[in-house]
Every structure is written in structure tokens, then in C-alpha cells.
>>> print(open('model-v6.txt').read())   # compact mmCIF, C-alpha atoms and all ligand atoms
# COMPACT_ATOMS: atom_id res chain seq x y z
CA MET A 1 -110.44 14.31 147.63
CA ALA A 2 -108.63 11.38 149.27
CA PRO A 3 -107.14 8.84 146.81
CA ARG A 4 -109.20 5.68 146.51
CA VAL A 5 -107.41 2.69 147.99
CA ARG A 6 -107.75 -0.55 146.05
CA SER A 7 -109.29 -3.35 148.13
CA ASP A 8 -107.60 -6.78 148.44
CA GLU A 9 -110.34 -8.34 146.36
CA GLU A 10 -109.79 -5.79 143.54
CA SER A 11 -106.02 -6.34 143.65
CA ASP A 12 -106.49 -10.09 143.33
CA THR A 13 -108.79 -9.57 140.33
CA CYS A 14 -106.29 -7.22 138.64
CA ALA A 15 -103.40 -9.62 139.22
CA ALA A 16 -105.49 -12.48 137.79
CA CYS A 17 -106.35 -10.32 134.73
CA ASP A 18 -102.67 -9.45 134.22
CA ARG A 19 -101.69 -13.12 134.43
CA CYS A 20 -104.44 -14.01 131.95
CA VAL A 21 -103.33 -11.30 129.46
CA THR A 22 -99.69 -12.38 129.81
CA ARG A 23 -100.62 -16.01 129.20
CA TRP A 24 -102.72 -15.18 126.12
CA SER A 25 -100.07 -12.89 124.73
CA ALA A 26 -97.38 -15.61 125.22
CA CYS A 27 -99.70 -18.11 123.53
CA PHE A 28 -100.26 -15.71 120.60
CA ASP A 29 -96.49 -15.14 120.22
CA ARG A 30 -95.87 -18.90 120.17
CA CYS A 31 -98.56 -19.41 117.48
CA VAL A 32 -97.03 -16.63 115.34
CA LYS A 33 -93.58 -18.20 115.72
CA ILE A 34 -94.93 -21.58 114.54
CA LEU A 35 -97.07 -20.26 111.66
CA GLU A 36 -94.86 -17.57 110.16
CA PRO A 37 -92.44 -19.92 108.31
CA LEU A 38 -95.50 -21.15 106.40
CA LEU A 39 -96.18 -17.58 105.28
CA VAL A 40 -92.61 -17.29 103.98
CA VAL A 41 -93.08 -20.53 102.01
CA LEU A 42 -96.46 -19.30 100.73
CA ALA A 43 -94.94 -16.00 99.54
CA VAL A 44 -92.01 -17.73 97.78
CA GLY A 45 -94.46 -20.26 96.27
CA LEU A 46 -96.79 -17.59 94.84
CA ILE A 47 -93.87 -15.55 93.45
CA SER A 48 -92.46 -18.69 91.79
CA LEU A 49 -95.88 -19.64 90.40
CA ASP A 50 -96.22 -16.17 88.91
CA ALA A 51 -92.81 -16.51 87.23
CA LEU A 52 -93.70 -19.99 85.90
CA THR A 53 -97.05 -18.77 84.51
CA PHE A 54 -95.24 -15.87 82.86
CA PHE A 55 -92.77 -18.16 81.09
CA GLN A 56 -95.41 -20.73 80.12
CA VAL A 57 -98.22 -18.43 79.01
CA VAL A 58 -96.95 -14.91 78.30
CA MET A 59 -93.55 -15.62 76.73
CA PRO A 60 -94.92 -17.72 73.79
CA GLU A 61 -97.45 -14.93 73.10
CA ILE A 62 -94.73 -12.23 73.08
CA THR A 63 -92.46 -14.38 70.87
CA THR A 64 -95.28 -14.92 68.32
CA ARG A 65 -96.43 -11.30 68.26
CA GLN A 66 -93.22 -9.30 68.71
CA GLY A 67 -90.38 -11.63 67.79
CA PRO A 68 -87.67 -13.44 69.74
CA LEU A 69 -85.54 -10.33 70.39
CA VAL A 70 -88.31 -8.57 72.34
CA ALA A 71 -89.11 -11.86 74.08
CA TRP A 72 -85.47 -12.13 75.22
CA GLY A 73 -85.67 -8.58 76.61
CA HIS A 74 -88.76 -9.53 78.62
CA ALA A 75 -87.15 -12.77 79.80
CA LEU A 76 -84.00 -11.01 81.06
CA TRP A 77 -85.97 -8.23 82.77
CA SER A 78 -88.36 -10.65 84.48
CA LEU A 79 -85.45 -12.82 85.70
CA TRP A 80 -83.73 -9.70 87.09
CA LEU A 81 -86.93 -8.76 88.96
CA LEU A 82 -87.36 -12.31 90.28
CA PHE A 83 -83.74 -12.46 91.43
CA ASN A 84 -83.98 -9.15 93.31
CA VAL A 85 -87.27 -10.04 95.00
CA LEU A 86 -86.03 -13.44 96.23
CA TRP A 87 -82.55 -12.16 97.11
CA ASN A 88 -83.89 -9.45 99.39
CA GLN A 89 -86.66 -11.59 100.86
CA LEU A 90 -84.31 -14.42 101.79
CA HIS A 91 -81.65 -12.07 103.15
CA CYS A 92 -84.24 -10.26 105.24
CA THR A 93 -85.53 -13.60 106.56
CA PHE A 94 -82.19 -15.25 107.29
CA SER A 95 -80.06 -12.32 108.46
CA SER A 96 -80.22 -11.04 111.99
CA PRO A 97 -81.69 -7.56 112.46
CA GLY A 98 -79.02 -7.05 115.16
CA THR A 99 -79.74 -7.67 118.83
CA THR A 100 -78.19 -6.56 122.11
CA LEU A 101 -77.41 -10.23 122.84
CA GLU A 102 -74.99 -10.24 119.89
CA VAL A 103 -72.97 -7.37 121.32
CA HIS A 104 -70.41 -7.76 124.11
CA GLU A 105 -71.92 -6.57 127.37
CA GLN A 106 -68.86 -4.39 127.98
CA ALA A 107 -69.34 -2.59 124.69
CA LEU A 108 -72.96 -1.91 125.57
CA GLN A 109 -72.03 -0.62 129.01
CA HIS A 110 -69.33 1.58 127.49
CA ALA A 111 -71.80 3.11 125.01
CA MET A 112 -74.63 3.52 127.54
CA THR A 113 -75.92 7.07 128.05
CA TYR A 114 -78.72 8.65 130.09
CA ASP A 115 -81.33 7.99 127.38
CA TRP A 116 -80.88 4.19 127.45
CA ARG A 117 -83.43 1.99 129.21
CA TRP A 118 -82.97 -1.39 130.83
CA CYS A 119 -84.51 -4.63 129.53
CA ARG A 120 -85.33 -6.97 132.43
CA ARG A 121 -85.91 -9.92 130.11
CA CYS A 122 -82.54 -9.66 128.33
CA ASN A 123 -80.94 -8.22 131.47
CA ARG A 124 -79.08 -5.72 129.35
CA GLY A 125 -79.14 -2.06 128.45
CA LYS A 126 -81.61 -1.11 125.77
CA PRO A 127 -80.20 1.50 123.34
CA PRO A 128 -82.39 4.26 121.86
CA LEU A 129 -84.78 2.99 119.14
CA SER A 130 -84.21 -0.62 120.29
CA HIS A 131 -87.18 -2.65 121.51
CA HIS A 132 -87.75 -6.04 123.04
CA CYS A 133 -89.60 -8.30 120.59
CA SER A 134 -91.79 -10.75 122.48
CA ILE A 135 -91.91 -13.14 119.49
CA CYS A 136 -88.12 -13.31 119.04
CA ASN A 137 -87.56 -12.79 122.79
CA ARG A 138 -84.62 -10.44 122.32
CA CYS A 139 -83.93 -6.73 122.16
CA VAL A 140 -83.66 -5.74 118.51
CA LEU A 141 -81.40 -2.85 117.53
CA LYS A 142 -83.31 -0.01 115.85
CA MET A 143 -86.34 -2.27 115.64
CA ASP A 144 -88.95 -1.31 113.07
CA HIS A 145 -91.43 -4.19 113.46
CA HIS A 146 -91.70 -7.97 113.56
CA CYS A 147 -92.63 -9.12 110.06
CA VAL A 148 -94.56 -12.40 109.79
CA TRP A 149 -93.93 -12.55 106.01
CA MET A 150 -90.19 -12.57 106.75
CA ALA A 151 -90.52 -14.69 109.91
CA ASN A 152 -88.07 -12.26 111.44
CA CYS A 153 -87.74 -8.93 113.12
CA VAL A 154 -86.88 -6.01 110.89
CA GLY A 155 -84.21 -3.86 112.46
CA PHE A 156 -80.89 -2.09 111.96
CA PHE A 157 -79.06 -4.74 109.88
CA ASN A 158 -81.91 -6.00 107.68
CA TYR A 159 -84.25 -3.05 107.23
CA HIS A 160 -82.70 -2.22 103.84
CA TYR A 161 -83.42 -5.79 102.66
CA PHE A 162 -87.03 -5.33 103.71
CA MET A 163 -87.29 -2.00 101.86
CA LEU A 164 -85.64 -3.42 98.74
CA PHE A 165 -88.01 -6.41 98.84
CA LEU A 166 -90.95 -3.96 98.88
CA TRP A 167 -89.40 -1.89 96.09
CA TRP A 168 -88.78 -4.85 93.75
CA MET A 169 -92.17 -6.38 94.58
CA TRP A 170 -93.78 -3.06 93.74
CA VAL A 171 -92.00 -2.88 90.36
CA GLY A 172 -92.44 -6.62 89.75
CA SER A 173 -96.17 -6.79 90.49
CA ALA A 174 -96.84 -3.75 88.24
CA TYR A 175 -94.84 -5.38 85.43
CA SER A 176 -96.58 -8.73 85.98
CA ALA A 177 -100.10 -7.21 85.88
CA LEU A 178 -99.20 -5.21 82.79
CA VAL A 179 -97.83 -8.12 80.73
CA TYR A 180 -100.82 -10.34 81.57
CA TRP A 181 -103.16 -7.51 80.56
CA LEU A 182 -101.34 -6.72 77.31
CA HIS A 183 -100.24 -10.16 76.15
CA VAL A 184 -102.90 -12.67 77.21
CA PRO A 185 -105.76 -12.18 74.72
CA TRP A 186 -108.14 -14.60 76.46
CA LEU A 187 -107.50 -13.14 79.97
CA LEU A 188 -111.02 -11.75 80.46
CA ARG A 189 -112.97 -13.96 78.03
CA LEU A 190 -114.80 -15.68 80.85
CA ASP A 191 -117.52 -17.00 78.48
CA ASP A 192 -114.94 -18.93 76.40
CA PRO A 193 -115.50 -22.70 76.95
CA ASN A 194 -111.71 -23.19 77.21
CA TRP A 195 -111.18 -20.29 79.62
CA GLU A 196 -111.04 -22.42 82.75
CA ARG A 197 -108.30 -24.60 81.26
CA LYS A 198 -106.06 -21.92 79.78
CA GLY A 199 -107.29 -18.63 81.26
CA PHE A 200 -107.83 -19.28 84.95
CA LEU A 201 -104.17 -19.26 86.07
CA PRO A 202 -103.17 -16.07 84.18
CA PHE A 203 -106.38 -14.42 85.41
CA PHE A 204 -105.62 -15.44 89.01
CA MET A 205 -102.05 -14.14 88.66
CA PHE A 206 -103.31 -10.87 87.14
CA VAL A 207 -105.74 -10.27 90.01
CA LEU A 208 -103.06 -11.24 92.56
CA SER A 209 -100.49 -8.90 90.96
CA VAL A 210 -102.92 -5.97 90.97
CA SER A 211 -103.89 -6.64 94.61
CA ILE A 212 -100.26 -6.97 95.70
CA TRP A 213 -99.33 -3.81 93.82
CA LEU A 214 -102.09 -1.85 95.56
CA GLY A 215 -101.16 -3.21 99.01
CA ILE A 216 -97.43 -2.61 98.51
CA SER A 217 -98.03 0.90 97.12
CA ALA A 218 -99.48 1.85 100.51
CA LEU A 219 -96.89 -0.04 102.58
CA PHE A 220 -93.87 1.06 100.54
CA GLY A 221 -95.16 4.66 100.43
CA TRP A 222 -95.45 4.61 104.23
CA HIS A 223 -91.89 3.29 104.67
CA VAL A 224 -90.45 5.77 102.15
CA TRP A 225 -92.01 8.56 104.23
CA LEU A 226 -90.57 7.01 107.41
CA VAL A 227 -87.07 6.85 105.91
CA LEU A 228 -87.22 10.38 104.52
CA THR A 229 -88.31 11.74 107.92
CA GLY A 230 -85.83 9.64 109.95
CA GLN A 231 -88.39 7.60 111.86
CA GLY A 232 -89.32 3.97 112.49
CA THR A 233 -92.79 2.43 112.63
CA ILE A 234 -92.68 2.16 116.45
CA GLU A 235 -91.41 5.73 117.01
CA VAL A 236 -93.99 7.59 114.93
CA LEU A 237 -96.61 7.84 117.68
CA ASP A 238 -94.03 8.81 120.31
CA ASN A 239 -92.56 11.45 118.02
CA ASN A 240 -96.00 12.89 117.29
CA ALA A 241 -96.71 13.07 121.03
CA ARG A 242 -93.37 14.80 121.70
CA ARG A 243 -93.99 17.24 118.84
CA ALA A 244 -97.47 18.07 120.18
CA GLU A 245 -96.21 18.45 123.75
CA ALA A 246 -93.44 20.80 122.64
CA ALA A 247 -95.93 22.81 120.55
CA ARG A 248 -98.18 23.20 123.60
CA ALA A 249 -95.19 24.53 125.55
CA GLY A 250 -94.40 26.94 122.70
CA ARG A 251 -91.27 25.03 121.63
CA LYS A 252 -90.31 23.15 118.50
CA TRP A 253 -89.37 19.48 118.83
CA VAL A 254 -86.62 18.29 116.51
CA ASN A 255 -86.13 14.60 115.77
CA PRO A 256 -82.42 13.99 116.53
CA TYR A 257 -82.29 11.08 114.04
CA HIS A 258 -83.59 13.11 111.10
CA LEU A 259 -80.37 13.90 109.26
CA GLY A 260 -82.12 15.28 106.16
CA ALA A 261 -84.07 13.32 103.54
CA GLY A 262 -81.06 12.43 101.33
CA ALA A 263 -78.76 11.61 104.27
CA ASN A 264 -81.48 9.41 105.87
CA TRP A 265 -81.81 7.48 102.61
CA ARG A 266 -78.02 7.01 102.32
CA GLU A 267 -77.77 5.88 105.96
CA THR A 268 -80.67 3.42 105.66
CA PHE A 269 -79.40 1.77 102.49
CA ASP A 270 -75.76 2.25 103.37
CA ALA A 271 -75.31 3.71 99.88
CA HIS A 272 -72.65 6.36 99.64
CA GLY A 273 -70.52 7.98 96.98
CA ARG A 274 -71.41 9.76 93.78
CA TRP A 275 -73.84 7.12 92.49
CA TRP A 276 -75.75 6.52 95.74
CA TRP A 277 -79.09 7.47 94.10
CA LEU A 278 -78.61 4.47 91.80
CA THR A 279 -76.64 2.01 93.95
CA TRP A 280 -79.17 1.99 96.84
CA MET A 281 -81.21 -0.62 94.98
CA ALA A 282 -78.29 -2.86 93.97
CA PRO A 283 -78.24 -6.38 95.45
CA ARG A 284 -75.45 -6.90 97.98
CA ARG A 285 -74.32 -9.14 100.82
CA ARG A 286 -72.00 -6.72 102.62
CA ARG A 287 -72.92 -6.21 106.25
CA LYS A 288 -74.30 -2.74 106.84
CA LEU A 289 -71.85 -0.23 108.29
CA GLY A 290 -72.51 0.87 111.87
CA ASN A 291 -73.27 -1.05 115.04
CA GLY A 292 -76.97 -0.33 115.63
CA TYR A 293 -76.58 0.79 119.24
CA VAL A 294 -74.79 4.09 118.66
CA LEU A 295 -76.84 5.73 115.95
CA PRO A 296 -75.89 8.77 113.89
CA THR A 297 -77.67 11.88 115.10
CA VAL A 298 -77.65 15.46 113.87
CA GLU A 299 -75.45 16.37 116.85
CA LEU A 300 -72.92 13.57 116.22
CA LEU A 301 -72.63 14.35 112.52
CA SER A 302 -72.23 18.08 113.12
CA SER A 303 -69.38 17.35 115.56
CA GLY A 304 -67.71 15.22 112.88
CA LEU A 305 -67.72 12.07 115.08
CA ARG A 306 -68.93 8.65 113.90
CA PRO A 307 -68.61 6.35 116.96
CA ASP A 308 -71.18 4.07 115.33
CA LEU A 309 -68.68 3.30 112.55
CA GLU A 310 -65.60 3.23 114.78
CA ALA A 311 -67.11 0.69 117.18
CA GLN A 312 -68.83 -1.74 114.85
CA GLN A 313 -67.08 -5.06 114.32
CA PRO A 314 -64.83 -5.66 117.37
CA HIS A 315 -67.82 -5.67 119.73
CA VAL A 316 -69.83 -8.27 117.90
CA ARG A 317 -69.52 -11.69 119.53
CA PRO A 318 -67.82 -14.06 117.07
CA GLY A 319 -70.34 -16.80 117.91
CA HIS A 320 -73.22 -14.60 116.85
CA ALA A 321 -71.60 -12.76 113.97
CA ALA A 322 -72.47 -15.43 111.40
CA GLY A 323 -76.15 -15.08 112.15
CA ALA A 324 -75.92 -11.34 112.55
CA GLY A 325 -75.75 -10.55 108.87
CA TYR A 326 -73.99 -11.32 105.66
CA GLY A 327 -70.57 -10.27 104.51
ZN ZN B 401 -84.90 -7.43 125.74
ZN ZN B 402 -89.26 -10.29 116.42
>>> encode(input="model-v6.txt", output="C-alpha cells", more="lines below")
Ligand SMILES: [Zn+2]
Ligand SMILES: [Zn+2]
Amino acid sequence: MAPRVRSDEESDTCAACDRCVTRWSACFDRCVKILEPLLVVLAVGLISLDALTFFQVVMPEITTRQGPLVAWGHALWSLWLLFNVLWNQLHCTFSSPGTTLEVHEQALQHAMTYDWRWCRRCNRGKPPLSHHCSICNRCVLKMDHHCVWMANCVGFFNYHYFMLFLWWMWVGSAYSALVYWLHVPWLLRLDDPNWERKGFLPFFMFVLSVSIWLGISALFGWHVWLVLTGQGTIEVLDNNARRAEAARAGRKWVNPYHLGAGANWRETFDAHGRWWWLTWMAPRRRRKLGNGYVLPTVELLSSGLRPDLEAQQPHVRPGHAAGAGYG
């Protein structure tokens, strides 16, 4: 059967549709860019309100019932949780995920291999696992996703902050829900005439903590699985398609970035040494080791080479380094 040739009229319609979609998508990206800082402020505001309610309502109850020593324990633990949540959230928001625009063009060209693509918008090579974010308008190294709650892309240099934010929020919201439940006697006495005055805020915080805990359980669980299997949010579908295609051809597809569950975890959190299983969750400002455009693969590690570590700092443009991460 002869291929159907598109008429001029149809071509004009398609081009008009494409222009329309492009315009709407650009408009959507601009709206997200404007609104997302408000979401960051909202998140910090709710977290702070939860902490304030805890100190105003729960702490006096714990002091009266269990004594000042136990109350001090709760105070120190809750401040530690609050510090870790805010530390990781703000670092994820204000540190660069790493972009190809921050790397000297020469270094990119030098590292370029057959599996790189070309970004026409950045006019630069696009390394494996990097993607162009239309909201940030830049190619992000090892991009996972654009997070509106962080008002930033999550990529190679700030993914661990994002994961640690989820981890501490998960622990913190469970703790918050539990202390409201155990230590606010009038929490669910909705028929009490004074409930609205003294019970509404703890009740609201309890419901919020439970909802956040449920939501983060799913999100954090998903990201833990991604880390343990050496994948990013964007790559999962591609990897599944490659796996299925290989299976149809009677072959087995192996993810080259899956270094093993433990090694993936250590690479992601840049936690090495004997105590890595404990230090991965420690707060830190040090810039993550590696450059984000040459990534460790099974092949590289088995050959004993680490070009990602050898070529990290000298190729980062000094003008961009300050925004490219901390430490
Ligand atoms: Zn780009
Ligand atoms: Zn982005």
C-alpha cells in the first residue's frame, strides 16, 4: 500500500497544533516557576507551625505527666528532627543539581562518548541520564525530576538532600502524630465546649502529620527502590522497555548503573568507610564527589577506573561553582 501523503492543509493544521502545545507548555512552565517559591514557603511555614504547636501544647503535658527529664529528651529529639528537615530542604532548594552549563565546554567535549545526545536549547552535549528541564531551561546532570516543593530540579548534586528531606520528614511526621495522639488528652474530644479554642490546632497538626506520613511513606519507598536498583524516576520506563525488548529477543538486559544495592546507596549519599550505613543520614555541606557527567558504571568500577572522581573540580566554571553546591 502506498504511503499516505499529508496534504498542505493537514500540515498547516499540525504545525498550528504544535505551536499551540508549545505555547501552552511554555505558559505552564512560567506559572510553575512563579508559584513554586510559595510552596516552599508554605512547607517551611507548616513545619514551623507544627514545631511551635508541639512546644506550646505537648511539652507542658509531657512535663506534667512524665517529669522534666523526659520532657528534655523530647525537646532535644524534636529539635534534632526539625534541624535535619529544614537543613536538607533548604540545601536541596538552594544548591544546584549540577547542569551542563556549569561545566567547561571543553571538559564536556573531552568526556563525550557515542551514547551522549545533543541539546539544541543549551547547544551542548547531553550526558547519559541528563535531561533538559523546561522549567529551569537547562540540562540537569543525572536529573531525577523537577520538584515544585523544592522550587528546584533534583539531580546529581542535590538528590541526597532530597532523599534525606524525605527520610527526616518520614521520621518526623510519625513522631509528631504519635506525640499528639499520646500526650494531648483532649485531641479527639470534639464535643468539649473548649475544644475549638485549645484542641483545633493540635487536631489539625495530628491529621496533617498522619497524611504527610502516609504520602511520604509511598514517595520515600519509591525512591528507596530506585536507589537500590540504580535508577532515576525518568529512566524507569525506558529501562522497563529495554528489559522487555531484550527478553523478547531472548537476551537479558543489565542496567549499567546498577552497581549493587549497597554500592548504589553509598554512591547516592556519598557515604563511604566503615560507618557508611550510619553516616548516610548525617547532615553535611560537603559537595558530593564526582562530576555528574561521567557516572560510575559496573564496567568502569570493574576496570578500577574512576574518571568521575578524577575530573570533578577543575572543570567546574568558577563563576558557577558557588551556586553549584555547598562545600
Ligand atoms: Zn539543555
Ligand atoms: Zn527544573
>>> residues_around(input="model-v6.txt", residues="Asn158 of chain A", least_positions_apart="4", cutoff="6 Å", atoms="all atoms listed in the file", output="ChimeraX atom specification")
/A:92,97,154
>>> residues_around(input="model-v6.txt", residues="Val32 of chain A", least_positions_apart="6", cutoff="9 Å", atoms="only C-alpha atoms", output="short mmCIF file (atom, residue, chain, number, x, y, z; two decimals) with C-alpha atoms, in the frame of the given file")
data_model
loop_
_atom_site.label_atom_id
_atom_site.label_comp_id
_atom_site.auth_asym_id
_atom_site.auth_seq_id
_atom_site.Cartn_x
_atom_site.Cartn_y
_atom_site.Cartn_z
CA ILE A 135 -91.91 -13.14 119.49
CA VAL A 148 -94.56 -12.40 109.79
CA ALA A 151 -90.52 -14.69 109.91
#
>>> closest_atom_pairs(input="model-v6.txt", of="segment 85-152 of chain A", to="segment 246-268 of chain A", cutoff="12 Å", atoms="all atoms listed in the file", output="tab-separated table")
residue	atom	partner	partner_atom	distance
A:Pro128	CA	A:Tyr257	CA	10.4
A:Leu129	CA	A:Tyr257	CA	9.9
A:Lys142	CA	A:Thr268	CA	11.1
>>> closest_atom_pairs(input="model-v6.txt", of="chain A", to="ligand ZN 401 (chain B)", cutoff="6 Å", atoms="all atoms listed in the file", output="CSV")
residue,atom,partner,partner_atom,distance
A:Cys119,CA,B:ZN401,ZN,4.7
A:Arg121,CA,B:ZN401,ZN,5.1
A:Cys122,CA,B:ZN401,ZN,4.2
A:His132,CA,B:ZN401,ZN,4.2
A:Arg138,CA,B:ZN401,ZN,4.6
A:Cys139,CA,B:ZN401,ZN,3.8
>>> residues_near_ligand(input="model-v6.txt", ligand="ligand ZN 402 (chain B)", cutoff="6 Å", atoms="all atoms listed in the file", output="ChimeraX atom specification")
/A:133,135-136,146,152-153
>>> atom_distance(input="model-v6.txt", atom1="atom CA of Ile212 of chain A", atom2="atom CA of Gly172 of chain A")
9.8 Å
>>> closest_residue(input="model-v6.txt", among="A:Ala26, A:Leu90, A:Cys14, A:Leu46", to="Leu208 of chain A", atoms="only C-alpha atoms")
A:Leu46
>>> residues_around(input="model-v6.txt", residues="Lys198 of chain A", least_positions_apart="4", cutoff="9 Å", atoms="only C-alpha atoms", output="ChimeraX atom specification")
/A:57,186-187,194,202
>>> closest_residue(input="model-v6.txt", among="A:Leu289, A:Leu226, A:Arg23, A:His183", to="Thr63 of chain A", atoms="only C-alpha atoms")
A:His183
>>> residues_around(input="model-v6.txt", residues="Leu164 of chain A", least_positions_apart="6", cutoff="12 Å", atoms="all atoms listed in the file", output="list in words")
Leu81, Phe83, Asn84, Val85, Leu86, Trp87, Asn88, Gln89, Leu90, His91, Cys92, Asn158, Trp170, Val171, Gly172, Ile216, Phe220, His223, Val224, Thr268, Phe269, Thr279, Trp280, Met281, Ala282, Pro283 and Arg284 of chain A
>>> atom_distance(input="model-v6.txt", atom1="atom CA of Glu105 of chain A", atom2="atom CA of Lys33 of chain A")
27.2 Å
>>> atom_distance(input="model-v6.txt", atom1="atom CA of Tyr175 of chain A", atom2="atom CA of Trp77 of chain A")
9.7 Å
